[in-house]
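Chemist: Sending over a structure as structure tokens; questions will come in a sec.
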Amino acid sequence: MSKRISRVNELLQREIGEQLRRHYGGEQSVRITISEVSTSSDLRHCRIYYAVIGDAERIHQSQAFFKRIGRELRQRVMQRVTLKYFPRFEFVYDPSMQRGAEMIDLLDQLETNDD
């Protein structure tokens with residue numbers, strides 16, 4: 001990945017997180033973390049990976065949330081970030097935080113069993 005694409009990814013991740021906090025803070029976004037942004041080299045497509053704190057119902061709610069606000073969020077970010085081509089957003093659930101939390105729980109259980 002080029003240095004430019006890497007900087008664009010970081011900028012988009014920061015701005016998407018800020019817009020979620022600023023404009024959707026009272027809604028579903030409180031339990032959502034933008035874990036990674038991956039932009040294609042031609043800047044036409046962007047995958048936004050997000051993690052959710054909660055169960056399967058919360059994950060489903062967050063998918064519906066992004067489906068509902070996706071276009072508006074893109075417009076808000078477009079107003080703040082200037083690029084020659086602004087990518088289309090695709091929101092993808094990232095289960096890595098959930099797996100990490102499960103691993104920590106397992107380690108905690110092992111530690112309690114040892115005592």
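Naming scheme: A, B, ... for chains in displayed order of the structure tokens; residues 1 onward per chain; ligands 1 onward as shown.
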Determine which residues of chain A DSSP labels as strand (DSSP E) from the backbone of this structure, then write them out as a PyMOL selection string.

Modeler: chain A and resi 32-39+45-52+88-93

Chemist: Quick one: residues within 12 Å of segment 65-74 of chain A, only C-alpha atoms, excluding same-chain residues fewer than 5 positions away - as a PyMOL selection string?

Modeler: chain A and resi 12-13+15-24+27-32+34+45-50+52+58-60+79-81+86-93

Chemist: Per DSSP on the backbone, what are the alpha helix (DSSP H) residues of chain A, as a PyMOL selection string?

Modeler: chain A and resi 3-24+56-80+96-114

Chemist: Grab the atom CA of Tyr85 of chain A to atom CA of Asp42 of chain A distance for me, in Å with one decimal place.

Modeler: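 Separating atom CA of Tyr85 of chain A from atom CA of Asp42 of chain A is a distance of 8.1 Å.
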
Chemist: Kindly indicate which residue among A:Leu83, A:Val77, A:Ala101, A:Val37 lies nearest to Gly54 of chain A, using only C-alpha atoms for the distances.

Modeler: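 Distance minimum relative to Gly54 of chain A lands on A:Ala101.
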
Chemist: Of the candidates A:Ser96, A:Thr33, A:Gly25, A:Thr39, which shows the shortest atom-to-atom distance to Ser2 of chain A, using only C-alpha atoms?

Modeler: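 Closest to Ser2 of chain A of all the choices is A:Thr39.
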
Chemist: Record the distance separating atom CA of Asn113 of chain A and atom CA of Pro95 of chain A, expressed in Å with one decimal.

Modeler: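 Going from atom CA of Asn113 of chain A over to atom CA of Pro95 of chain A covers 27.2 Å.
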
Chemist: Expressed in Å to a single decimal, how great is the separation between atom CA of Ile5 of chain A and atom CA of Ser40 of chain A?

Modeler: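 That distance, rounded to one decimal, is 7.8 Å.
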
Chemist: I'd like to know which of A:Ala56, A:Thr112, A:Asn9, A:Met78 is closest to Gln98 of chain A, using only C-alpha atoms.

Modeler: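 Once distances to Gln98 of chain A are computed over only C-alpha atoms, the minimum belongs to A:Ala56.
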
Chemist: Point out the residue among A:Leu11, A:Arg4, A:Ile53, A:Glu36 with the least atom-to-atom distance to Met97 of chain A, counting only C-alpha atoms.

Modeler: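 Ranking A:Leu11, A:Arg4, A:Ile53, A:Glu36 by distance to Met97 of chain A, first place goes to A:Ile53.
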